[in-house]
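A.B. asks: Have a peek at start12.txt (compact mmCIF, C-alpha atoms and all ligand atoms).
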```txt
# COMPACT_ATOMS: atom_id res chain seq x y z
CA MET A 1 0.00 0.00 0.00
CA GLY A 2 2.51 2.56 1.18
CA GLY A 3 5.46 0.90 -0.47
CA GLY A 4 4.15 1.25 -3.95
CA GLY A 5 7.40 2.64 -5.27
CA GLY A 6 8.35 6.28 -5.63
CA ARG A 7 7.04 8.19 -8.58
CA GLY A 8 8.26 11.48 -9.91
CA LYS A 9 5.02 11.74 -11.77
CA ARG A 10 1.63 12.03 -10.20
CA SER A 11 -0.49 8.93 -10.05
CA VAL A 12 -4.14 9.30 -10.85
CA ARG A 13 -6.34 6.27 -10.73
CA GLY A 14 -9.61 7.15 -12.29
CA ARG A 15 -11.74 4.10 -11.50
CA ALA A 16 -15.04 5.69 -12.35
CA THR A 17 -16.60 2.80 -14.20
CA PRO A 18 -18.82 0.66 -12.00
CA SER A 19 -18.02 -3.03 -12.00
CA THR A 20 -19.95 -6.08 -11.02
CA THR A 21 -17.88 -6.59 -7.87
CA THR A 22 -19.00 -5.18 -4.54
CA ALA A 23 -17.42 -2.07 -3.10
CA GLU A 24 -15.60 -4.13 -0.47
CA GLU A 25 -14.15 -6.38 -3.12
CA GLU A 26 -13.07 -3.39 -5.12
CA GLU A 27 -11.59 -1.86 -2.03
CA GLU A 28 -9.74 -5.09 -1.34
CA GLU A 29 -8.48 -5.25 -4.89
CA GLU A 30 -7.34 -1.68 -4.62
CA GLU A 31 -5.44 -2.31 -1.44
CA GLU A 32 -3.69 -5.20 -3.12
CA LYS A 33 -2.89 -3.00 -6.09
CA GLU A 34 -1.68 -0.27 -3.81
CA GLU A 35 0.64 -2.73 -2.18
CA GLU A 36 1.87 -3.92 -5.53
CA GLY A 37 2.00 -0.42 -6.98
CA GLU A 38 -0.14 -1.45 -9.93
CA GLY A 39 -3.15 0.06 -11.60
CA ALA A 40 -1.73 3.55 -11.61
CA VAL A 41 -1.85 5.80 -14.61
CA ALA A 42 1.06 8.20 -14.59
CA ILE A 43 0.30 11.65 -15.92
CA GLU A 44 3.06 14.06 -16.86
CA GLU A 45 2.66 17.19 -14.75
CA ASP A 46 3.73 19.88 -17.20
CA GLU A 47 1.67 18.50 -20.02
CA ASP A 48 -1.19 18.10 -17.65
CA GLU A 49 -1.12 21.64 -16.38
CA ALA A 50 -1.31 22.95 -19.93
CA LYS A 51 -4.24 20.66 -20.65
CA GLY A 52 -5.80 21.67 -17.36
CA GLU A 53 -5.75 25.34 -18.23
CA LEU A 54 -7.37 24.68 -21.59
CA LEU A 55 -10.04 22.46 -20.08
CA GLN A 56 -10.65 24.89 -17.25
CA ALA A 57 -11.30 27.60 -19.81
CA ALA A 58 -13.76 25.22 -21.49
CA GLY A 59 -15.56 24.67 -18.17
CA VAL A 60 -14.52 21.03 -17.82
CA PRO A 61 -14.47 19.61 -14.28
CA GLN A 62 -10.99 19.39 -12.80
CA LEU A 63 -9.52 17.02 -10.28
CA GLN A 64 -7.18 18.49 -7.70
CA VAL A 65 -4.35 16.07 -7.09
CA ARG A 66 -1.67 17.05 -4.62
CA GLY A 67 -1.68 20.71 -5.37
CA THR A 68 -1.79 20.20 -9.14
CA THR A 69 -4.87 20.53 -11.24
CA HIS A 70 -5.46 17.55 -13.50
CA PRO A 71 -8.23 16.96 -15.93
CA ARG A 72 -10.46 14.16 -14.72
CA ALA A 73 -9.44 12.14 -17.73
CA CYS A 74 -7.47 12.86 -20.85
CA GLN A 75 -10.27 12.31 -23.34
CA PRO A 76 -10.21 14.58 -26.37
CA SER A 77 -13.87 15.43 -25.82
CA MET A 78 -15.31 15.73 -22.34
CA THR A 79 -18.99 15.63 -23.29
CA PRO A 80 -19.25 11.82 -23.38
CA TRP A 81 -17.39 11.75 -20.07
CA ARG A 82 -19.90 14.09 -18.48
CA LEU A 83 -22.74 12.09 -19.98
CA LEU A 84 -21.26 8.90 -18.55
CA ARG A 85 -20.93 10.50 -15.10
CA CYS A 86 -24.53 11.67 -15.34
CA CYS A 87 -25.69 8.16 -16.30
CA GLN A 88 -23.69 6.64 -13.45
CA TRP A 89 -25.18 9.11 -10.99
CA THR A 90 -28.70 8.33 -12.21
CA ALA A 91 -28.09 4.57 -12.24
CA ALA A 92 -26.85 4.73 -8.63
CA TRP A 93 -30.25 6.08 -7.53
CA VAL A 94 -32.27 3.38 -9.33
CA PRO A 95 -32.22 0.86 -6.41
CA VAL A 96 -33.24 3.64 -3.99
CA LEU A 97 -36.02 4.67 -6.35
CA PHE A 98 -37.15 1.06 -6.64
CA ILE A 99 -37.37 0.72 -2.84
CA ALA A 100 -39.20 4.06 -2.63
CA VAL A 101 -41.77 2.92 -5.21
CA VAL A 102 -42.33 -0.38 -3.35
CA ILE A 103 -42.78 1.52 -0.07
CA CYS A 104 -45.25 3.97 -1.64
CA TRP A 105 -47.23 1.14 -3.20
CA SER A 106 -47.29 -0.83 0.07
CA TYR A 107 -48.47 2.30 1.90
CA TYR A 108 -51.28 2.81 -0.60
CA THR A 109 -52.32 -0.85 -0.48
CA PHE A 110 -52.35 -1.03 3.30
CA VAL A 111 -53.98 2.31 4.03
CA VAL A 112 -56.38 2.69 1.13
CA GLU A 113 -57.14 -0.77 -0.23
CA LEU A 114 -56.96 -2.75 3.00
CA CYS A 115 -57.91 -0.41 5.86
CA LEU A 116 -60.27 1.99 4.11
CA PHE A 117 -61.85 -0.08 1.30
CA THR A 118 -61.83 -3.51 2.89
CA ILE A 119 -61.76 -3.42 6.73
CA ALA A 120 -63.71 -0.19 7.25
CA ALA A 121 -66.21 -1.25 4.58
CA GLN A 122 -67.05 -4.27 6.73
CA GLN A 123 -68.11 -1.98 9.61
CA GLU A 124 -64.85 -2.70 11.47
CA GLU A 125 -63.81 0.94 11.82
CA GLY A 126 -62.23 0.43 15.25
CA LYS A 127 -60.02 -2.33 13.97
CA ALA A 128 -59.04 -0.25 10.95
CA ALA A 129 -58.15 2.70 13.21
CA ILE A 130 -55.89 0.56 15.41
CA TYR A 131 -54.19 -0.92 12.35
CA LEU A 132 -53.65 2.56 10.92
CA VAL A 133 -52.12 3.96 14.13
CA VAL A 134 -49.70 1.03 14.59
CA PHE A 135 -48.88 1.01 10.89
CA HIS A 136 -48.05 4.71 10.83
CA LEU A 137 -45.86 4.45 13.91
CA SER A 138 -43.72 1.76 12.30
CA PHE A 139 -43.84 3.58 8.96
CA VAL A 140 -42.48 6.82 10.43
CA LEU A 141 -39.61 5.06 12.22
CA PHE A 142 -38.86 3.01 9.10
CA MET A 143 -38.75 6.05 6.82
CA TRP A 144 -36.84 8.12 9.34
CA SER A 145 -34.03 5.54 9.66
CA TYR A 146 -33.99 4.94 5.88
CA TRP A 147 -33.71 8.67 5.24
CA LYS A 148 -30.88 9.06 7.75
CA THR A 149 -29.00 6.10 6.27
CA ILE A 150 -29.23 7.55 2.78
CA PHE A 151 -28.50 11.19 3.55
CA THR A 152 -25.90 10.97 6.30
CA PRO A 153 -22.65 11.52 4.42
CA PRO A 154 -19.74 9.20 5.13
CA VAL A 155 -17.05 10.82 7.24
CA CYS A 156 -13.50 11.13 5.96
CA PRO A 157 -10.36 11.28 8.10
CA SER A 158 -9.46 14.75 9.37
CA LYS A 159 -6.54 16.69 7.92
CA GLU A 160 -4.18 15.40 10.63
CA PHE A 161 -3.96 12.17 8.66
CA SER A 162 -2.79 13.89 5.49
CA LEU A 163 0.91 14.38 4.87
CA SER A 164 2.29 17.89 5.13
CA GLN A 165 3.30 19.56 1.88
CA ALA A 166 6.99 18.90 2.59
CA ASP A 167 6.42 15.23 3.49
CA GLU A 168 4.20 14.81 0.47
CA GLU A 169 6.91 16.12 -1.83
CA ARG A 170 9.54 13.96 -0.18
CA TYR A 171 7.28 10.93 -0.47
CA GLU A 172 6.63 11.60 -4.14
CA LYS A 173 10.27 12.17 -5.04
CA GLU A 174 11.49 9.17 -3.09
CA GLU A 175 12.16 6.10 -5.25
CA ARG A 176 12.85 3.63 -2.43
CA PRO A 177 9.75 2.07 -0.82
CA GLU A 178 11.55 1.56 2.50
CA VAL A 179 12.35 5.28 2.75
CA GLN A 180 8.75 6.09 1.82
CA GLN A 181 7.68 3.87 4.69
CA GLU A 182 10.02 5.75 7.02
CA ILE A 183 8.32 9.01 6.03
CA LEU A 184 4.90 7.48 6.72
CA LYS A 185 6.08 5.97 10.01
CA ARG A 186 7.38 9.31 11.21
CA VAL A 187 4.03 10.95 10.46
CA ALA A 188 2.08 8.03 11.92
CA LYS A 189 3.94 8.40 15.22
CA GLU A 190 1.80 11.44 15.91
CA LEU A 191 -1.39 9.60 15.05
CA PRO A 192 -3.48 6.96 16.85
CA VAL A 193 -2.75 4.25 14.28
CA TYR A 194 -2.59 0.63 15.43
CA THR A 195 -3.33 -1.40 12.34
CA LEU A 196 -1.11 -2.26 9.39
CA THR A 197 -1.41 -3.69 5.92
CA SER A 198 -1.15 -7.45 5.50
CA THR A 199 2.52 -6.92 4.62
CA ARG A 200 3.06 -4.97 7.88
CA LEU A 201 3.26 -1.55 6.28
CA ILE A 202 1.62 1.72 7.28
CA ARG A 203 -1.82 1.89 5.67
CA TYR A 204 -1.64 4.74 3.20
CA CYS A 205 -4.25 5.79 0.65
CA GLU A 206 -2.57 6.88 -2.55
CA LYS A 207 -5.80 8.36 -3.87
CA CYS A 208 -6.64 10.53 -0.87
CA GLN A 209 -2.98 10.93 0.07
CA LEU A 210 -3.48 10.20 3.74
CA ILE A 211 -2.56 7.67 6.37
CA LYS A 212 -5.62 5.56 6.93
CA PRO A 213 -6.91 5.58 10.51
CA ASP A 214 -7.74 2.20 12.03
CA ARG A 215 -10.84 0.64 10.44
CA CYS A 216 -10.88 3.29 7.71
CA HIS A 217 -11.02 2.09 4.10
CA HIS A 218 -11.15 3.70 0.70
CA CYS A 219 -14.51 3.30 -1.04
CA SER A 220 -14.09 3.06 -4.78
CA VAL A 221 -17.71 4.08 -5.37
CA CYS A 222 -17.63 7.22 -3.21
CA ASN A 223 -13.96 7.71 -4.16
CA LYS A 224 -12.95 8.69 -0.65
CA CYS A 225 -11.66 7.18 2.56
CA VAL A 226 -14.50 6.42 4.96
CA LEU A 227 -14.12 6.10 8.73
CA LYS A 228 -14.99 2.63 10.06
CA MET A 229 -16.22 1.66 6.65
CA ASP A 230 -18.59 -1.29 6.70
CA HIS A 231 -19.65 -1.54 3.07
CA HIS A 232 -21.06 0.53 0.25
CA CYS A 233 -24.78 -0.20 0.07
CA PRO A 234 -26.46 0.25 -3.33
CA TRP A 235 -29.93 0.14 -1.71
CA VAL A 236 -29.21 3.40 0.09
CA ASN A 237 -26.69 4.68 -2.47
CA ASN A 238 -24.35 5.52 0.36
CA CYS A 239 -21.38 4.20 2.25
CA VAL A 240 -22.31 2.54 5.52
CA GLY A 241 -19.68 3.51 8.06
CA PHE A 242 -19.06 5.19 11.38
CA SER A 243 -21.48 8.06 10.78
CA ASN A 244 -24.53 6.00 9.79
CA TYR A 245 -24.02 2.39 10.89
CA LYS A 246 -26.58 2.76 13.70
CA TYR A 247 -29.08 4.20 11.22
CA PHE A 248 -28.44 1.32 8.85
CA LEU A 249 -29.11 -1.25 11.59
CA LEU A 250 -32.30 0.55 12.58
CA PHE A 251 -33.32 0.70 8.94
CA LEU A 252 -33.00 -3.10 8.75
CA PHE A 253 -34.82 -3.51 12.06
CA TYR A 254 -37.74 -1.24 11.13
CA SER A 255 -37.94 -2.84 7.69
CA LEU A 256 -38.52 -6.15 9.46
CA VAL A 257 -41.09 -4.62 11.82
CA TYR A 258 -42.87 -3.06 8.84
CA CYS A 259 -42.86 -6.33 6.91
CA ILE A 260 -44.10 -8.38 9.91
CA LEU A 261 -46.87 -5.90 10.58
CA VAL A 262 -47.99 -5.84 6.97
CA THR A 263 -47.75 -9.61 6.50
CA THR A 264 -49.66 -10.53 9.65
CA THR A 265 -52.47 -8.02 9.14
CA VAL A 266 -52.79 -8.74 5.45
CA LEU A 267 -52.82 -12.51 5.98
CA GLU A 268 -56.31 -12.52 7.51
CA TYR A 269 -57.82 -10.69 4.54
CA PHE A 270 -55.67 -12.58 2.10
CA ILE A 271 -57.38 -15.78 3.35
CA LYS A 272 -60.81 -14.14 3.52
CA PHE A 273 -60.59 -13.07 -0.11
CA TRP A 274 -60.22 -16.71 -1.14
CA THR A 275 -62.46 -18.45 1.38
CA THR A 276 -65.44 -16.10 1.82
CA ASN A 277 -67.59 -14.08 -0.47
CA LEU A 278 -65.61 -10.94 0.33
CA LYS A 279 -65.23 -9.47 -3.15
CA ASN A 280 -63.21 -6.50 -4.25
CA THR A 281 -61.15 -7.51 -7.25
CA ARG A 282 -58.80 -4.52 -7.14
CA ALA A 283 -58.14 -4.80 -3.40
CA GLN A 284 -57.76 -8.56 -3.77
CA PHE A 285 -55.04 -8.05 -6.38
CA HIS A 286 -53.09 -5.51 -4.29
CA VAL A 287 -53.45 -7.46 -1.03
CA LEU A 288 -52.31 -10.68 -2.70
CA PHE A 289 -49.13 -9.01 -3.99
CA LEU A 290 -48.52 -7.11 -0.77
CA PHE A 291 -48.54 -10.39 1.14
CA PHE A 292 -45.97 -11.99 -1.16
CA VAL A 293 -43.74 -8.92 -1.43
CA SER A 294 -43.63 -8.26 2.32
CA THR A 295 -42.92 -11.95 3.02
CA MET A 296 -40.13 -11.99 0.45
CA PHE A 297 -38.54 -8.81 1.83
CA PHE A 298 -38.90 -10.10 5.39
CA ILE A 299 -36.98 -13.30 4.63
CA SER A 300 -34.17 -11.56 2.76
CA ILE A 301 -33.76 -8.71 5.27
CA LEU A 302 -33.91 -11.07 8.25
CA SER A 303 -30.73 -12.88 7.21
CA LEU A 304 -28.91 -9.59 6.64
CA PHE A 305 -30.09 -8.18 9.95
CA CYS A 306 -29.01 -11.29 11.86
CA TYR A 307 -25.61 -11.13 10.19
CA HIS A 308 -25.16 -7.47 11.22
CA LEU A 309 -26.30 -8.20 14.77
CA TRP A 310 -23.58 -10.83 14.89
CA LEU A 311 -21.06 -8.30 13.53
CA VAL A 312 -22.07 -5.74 16.18
CA GLY A 313 -21.67 -8.41 18.87
CA LYS A 314 -18.18 -9.19 17.59
CA ASN A 315 -17.32 -5.53 16.94
CA ARG A 316 -16.42 -6.21 13.32
CA THR A 317 -17.25 -4.42 10.14
CA THR A 318 -18.24 -6.42 7.06
CA ILE A 319 -14.78 -5.74 5.63
CA GLU A 320 -13.11 -6.96 8.83
CA ALA A 321 -15.26 -10.10 8.80
CA PHE A 322 -13.68 -11.01 5.47
CA ARG A 323 -10.21 -9.67 6.18
CA ALA A 324 -9.06 -9.44 9.78
CA PRO A 325 -7.37 -6.19 10.83
CA VAL A 326 -3.61 -6.61 11.17
CA PHE A 327 -1.99 -5.44 14.39
CA LEU A 328 1.67 -5.54 15.40
CA ASN A 329 1.24 -9.10 16.57
CA GLY A 330 -0.58 -10.16 13.41
CA PRO A 331 -4.15 -10.38 12.14
CA ASP A 332 -6.84 -10.53 14.80
CA LYS A 333 -10.52 -10.71 13.87
CA ASN A 334 -11.49 -9.91 17.45
CA GLY A 335 -8.97 -7.10 17.81
CA PHE A 336 -11.62 -4.46 18.51
CA SER A 337 -13.99 -6.67 20.47
CA LEU A 338 -14.62 -5.66 24.09
CA GLY A 339 -17.43 -8.08 24.85
CA TRP A 340 -20.98 -8.14 23.53
CA SER A 341 -22.40 -5.46 25.80
CA LYS A 342 -19.61 -2.94 25.19
CA ASN A 343 -19.53 -3.68 21.50
CA TRP A 344 -23.23 -2.96 21.35
CA ARG A 345 -22.84 0.30 23.27
CA GLN A 346 -20.02 1.38 20.99
CA VAL A 347 -22.54 1.50 18.14
CA PHE A 348 -25.76 2.39 19.96
CA GLY A 349 -24.43 4.51 22.82
CA ASP A 350 -24.91 4.40 26.57
CA GLU A 351 -28.43 5.72 26.82
CA LYS A 352 -31.05 3.08 26.17
CA LYS A 353 -33.76 5.64 25.47
CA TYR A 354 -32.00 6.54 22.18
CA TRP A 355 -31.30 3.01 20.99
CA LEU A 356 -34.45 2.70 18.91
CA PHE A 357 -34.26 6.13 17.32
CA PRO A 358 -32.07 7.13 14.38
CA ILE A 359 -30.24 9.76 16.41
CA PHE A 360 -26.44 9.78 16.47
CA THR A 361 -25.37 8.20 19.77
CA THR A 362 -22.42 6.12 18.57
CA LEU A 363 -19.46 6.39 20.95
CA GLY A 364 -16.08 7.73 19.89
CA ASP A 365 -14.90 9.78 16.96
CA GLY A 366 -14.43 7.07 14.29
CA VAL A 367 -10.66 7.32 14.49
CA ASN A 368 -9.71 5.98 17.91
CA PHE A 369 -10.95 2.53 18.87
CA PRO A 370 -10.21 0.65 22.06
CA THR A 371 -8.48 -2.63 21.28
CA ARG A 372 -8.78 -5.93 23.05
CA LEU A 373 -5.25 -7.00 23.75
CA MET A 374 -2.47 -5.27 25.64
CA MET A 375 -0.01 -6.24 22.95
CA GLU A 376 -1.82 -3.96 20.57
CA THR A 377 -1.36 -0.96 22.82
CA GLU A 378 2.07 -0.54 21.33
CA GLN A 379 1.66 1.68 18.34
CA VAL A 380 2.62 0.39 14.91
CA THR A 381 5.48 2.84 14.78
CA GLY A 382 6.94 1.31 17.92
CA THR A 383 6.09 4.29 20.07
CA ASN A 384 3.49 4.20 22.78
CA HIS A 385 1.65 7.47 23.00
CA HIS A 386 -0.13 8.07 26.21
CA GLU A 387 -1.55 11.33 25.08
CA HIS A 388 -2.87 12.12 21.69
CA THR A 389 -4.66 15.34 21.05
CA ARG A 390 -6.47 16.02 17.86
CA SER A 391 -8.57 18.87 16.73
CA SER A 392 -12.09 17.83 16.06
CA GLY A 393 -14.54 18.81 13.44
CA SER A 394 -12.24 19.70 10.57
CA THR A 395 -14.13 17.44 8.20
CA GLN A 396 -16.60 15.88 10.59
CA ASN A 397 -20.21 16.89 10.40
CA PHE A 398 -21.65 14.65 13.08
CA PRO A 399 -21.78 15.25 16.81
CA VAL A 400 -18.50 13.93 18.17
CA GLY A 401 -18.98 12.33 21.54
CA PRO A 402 -16.60 12.95 24.42
CA LEU A 403 -14.11 10.30 23.45
CA SER A 404 -12.09 10.07 26.62
CA GLU A 405 -15.26 9.50 28.59
CA SER A 406 -16.82 7.04 26.20
CA LYS A 407 -13.58 5.17 25.71
CA ASN A 408 -12.86 4.92 29.41
CA PHE A 409 -16.45 3.90 29.95
CA LEU A 410 -16.14 1.15 27.38
CA LEU A 411 -12.90 -0.08 28.81
CA ALA A 412 -13.37 0.34 32.52
CA THR A 413 -16.83 -0.79 33.49
CA GLY A 414 -16.59 -4.44 32.55
CA SER A 415 -15.37 -7.46 34.43
CA ASP A 416 -13.06 -8.62 31.67
CA GLN A 417 -9.54 -8.45 33.09
CA ASP A 418 -7.94 -8.15 29.68
CA VAL A 419 -9.99 -5.09 29.05
CA ARG A 420 -9.26 -3.66 32.47
CA SER A 421 -5.54 -4.06 32.00
CA GLY A 422 -5.77 -2.70 28.50
CA ILE A 423 -6.93 0.70 29.70
CA LYS A 424 -3.73 1.31 31.61
CA ASN A 425 -1.57 1.15 28.57
CA HIS A 426 -3.94 2.23 25.92
CA VAL A 427 -3.66 5.58 24.30
CA THR A 428 -5.69 8.28 25.97
CA VAL A 429 -7.44 10.61 23.61
CA SER A 430 -8.77 14.02 24.28
CA ILE A 431 -10.65 16.29 21.96
CA GLU A 432 -10.21 20.00 22.02
CA SER A 433 -13.54 21.65 22.19
ZN ZN B 1 -8.78 7.08 0.09
ZN ZN B 2 -19.02 4.29 -0.73
```
Can you present the structure in this file as structure tokens?
Ligand SMILES: [Zn+2]
Ligand SMILES: [Zn+2]
C.D. replies:
Amino acid sequence: MGGGGGRGKRSVRGRATPSTTTAEEEEEEEEEKEEEGEGAVAIEEDEDEAKGELLQAAGVPQLQVRGTTHPRACQPSMTPWRLLRCCQWTAAWVPVLFIAVVICWSYYTFVVELCLFTIAAQQEEGKAAIYLVVFHLSFVLFMWSYWKTIFTPPVCPSKEFSLSQADEERYEKEERPEVQQEILKRVAKELPVYTLTSTRLIRYCEKCQLIKPDRCHHCSVCNKCVLKMDHHCPWVNNCVGFSNYKYFLLFLFYSLVYCILVTTTVLEYFIKFWTTNLKNTRAQFHVLFLFFVSTMFFISILSLFCYHLWLVGKNRTTIEAFRAPVFLNGPDKNGFSLGWSKNWRQVFGDEKKYWLFPIFTTLGDGVNFPTRLMMETEQVTGTNHHEHTRSSGSTQNFPVGPLSESKNFLLATGSDQDVRSGIKNHVTVSIES
């Protein structure tokens, strides 16, 4: 990753074309490529600047790469490129639109066809009213968590993780990978970084030009590094990571509640339509499909929800479940696990009253994570920092919790002796307010 070989020329990897692989797979491939130093397209700076000026004058979008303006791609005509980007952007919203249409149709079927035209028409107004109240409660929570999952932007590492201008230039000019690593190690000494690449190198993103914080990964779809990245979800057209993982879990949970509610209430009338002389052809058609669709969604979401509950219990992201984070003493799938209860509170927070609402209560800042073993308290650079101060909020647009408090809380209140001993040597983090 970091030892990709020095390059006098700038490396721009424009992977804009969507592939059939998942974002995690792409991210994994990219990390491998970064380690091997492959997949880079070298662009001559001088030539590029001249092209950049011309394209800028023509109103073509530019990509800022390490202080130099590069055209997004070196196509002779940029119109097809813009058209392609536009198509990609539109295509990315298709799954979200599909879900939105299904939700709207299910709402119409339940409220209008079932409750108003079928149940209320049978002089069961009380029953219809109860159904409508319960349905709307679950509907609001479902839509609220879905909305928050879609529109909460993924959070990138703060500027402290970027190399300074001088280090950046030295890194670029340096031909020897081992010297490049030394530059990264020196910078990483000032950072709370405890995980390495599989080849025991500092995790460095060549695209974003920053040292990756623990659990942070580059998303090839969003084209940015995302804190505690879990996966890129096409159904919400967003990266699921530190800033919205709780919302994503609640979205799955309320989807299940919504599906159960719809399936169980519809079932009675689904049977009645076929066994009694209750006749309303249009309602019959909608109710029949609603029953099948909600059952189908329930089964598919249930398995995903159970899998994520298991991940929360183990304190792993989807990426970490497939590729264990590497610490100084080697890969450890349970490296961030503090026990089920603390793992749960790391995502959902300390206050139970907020657990079921899509409100940000996740503990920590997405950069510093308590680790399980004492051995991991030694930083990857070989230096143990007892105090690390970072400025908050440079790129973060979510409420950052008091990390020292939440971290100490997570580490200190359990009975696990490993965890207790870990706090003594683990890095203490404070956030300047
Ligand atoms: Zn990146
Ligand atoms: Zn993404």
A.B. asks: Could you state the separation of CA of Trp147 (chain A) and CA of Pro213 (chain A) in Å, given to one decimal place?
C.D. replies: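 It comes out at 27.5 Å.
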A.B. asks: Quick one, how far is CA of Leu141 (chain A) from CA of Trp340 (chain A)?
C.D. replies: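 These two atoms are separated by 25.5 Å.
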A.B. asks: Using only C-alpha atoms and all ligand atoms, which residues of chain A come within 8 Å of ligand ZN 1 (chain B), and what is the closest atom pair for each, with the distance in Å to one decimal? Give it as CSV, sorted by chain and residue number.
C.D. replies:
```
residue,atom,partner,partner_atom,distance
A:Cys205,CA,B:ZN1,ZN,4.7
A:Glu206,CA,B:ZN1,ZN,6.8
A:Lys207,CA,B:ZN1,ZN,5.1
A:Cys208,CA,B:ZN1,ZN,4.2
A:Gln209,CA,B:ZN1,ZN,7.0
A:Leu210,CA,B:ZN1,ZN,7.2
A:Lys212,CA,B:ZN1,ZN,7.7
A:His217,CA,B:ZN1,ZN,6.8
A:His218,CA,B:ZN1,ZN,4.2
A:Cys219,CA,B:ZN1,ZN,7.0
A:Asn223,CA,B:ZN1,ZN,6.7
A:Lys224,CA,B:ZN1,ZN,4.5
A:Cys225,CA,B:ZN1,ZN,3.8
A:Val226,CA,B:ZN1,ZN,7.5
```
A.B. asks: Residues up to 6 Å from ligand ZN 2 (chain B), counting only C-alpha atoms and all ligand atoms: could you list those as an MDAnalysis selection string?
C.D. replies: chainID A and resid 219 221:222 232 238:239
A.B. asks: For a quick check of understanding, using only C-alpha atoms, which of A:Val236, A:Leu328, A:Cys86, A:Val367 has the smallest distance to Leu201 (chain A)?
C.D. replies: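 Closest candidate: A:Leu328.
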A.B. asks: Between CA of Ala188 (chain A) and CA of Tyr245 (chain A), what distance in Å does the model show, to one decimal?
C.D. replies: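 According to the coordinates, CA of Ala188 (chain A) and CA of Tyr245 (chain A) are separated by 26.7 Å.
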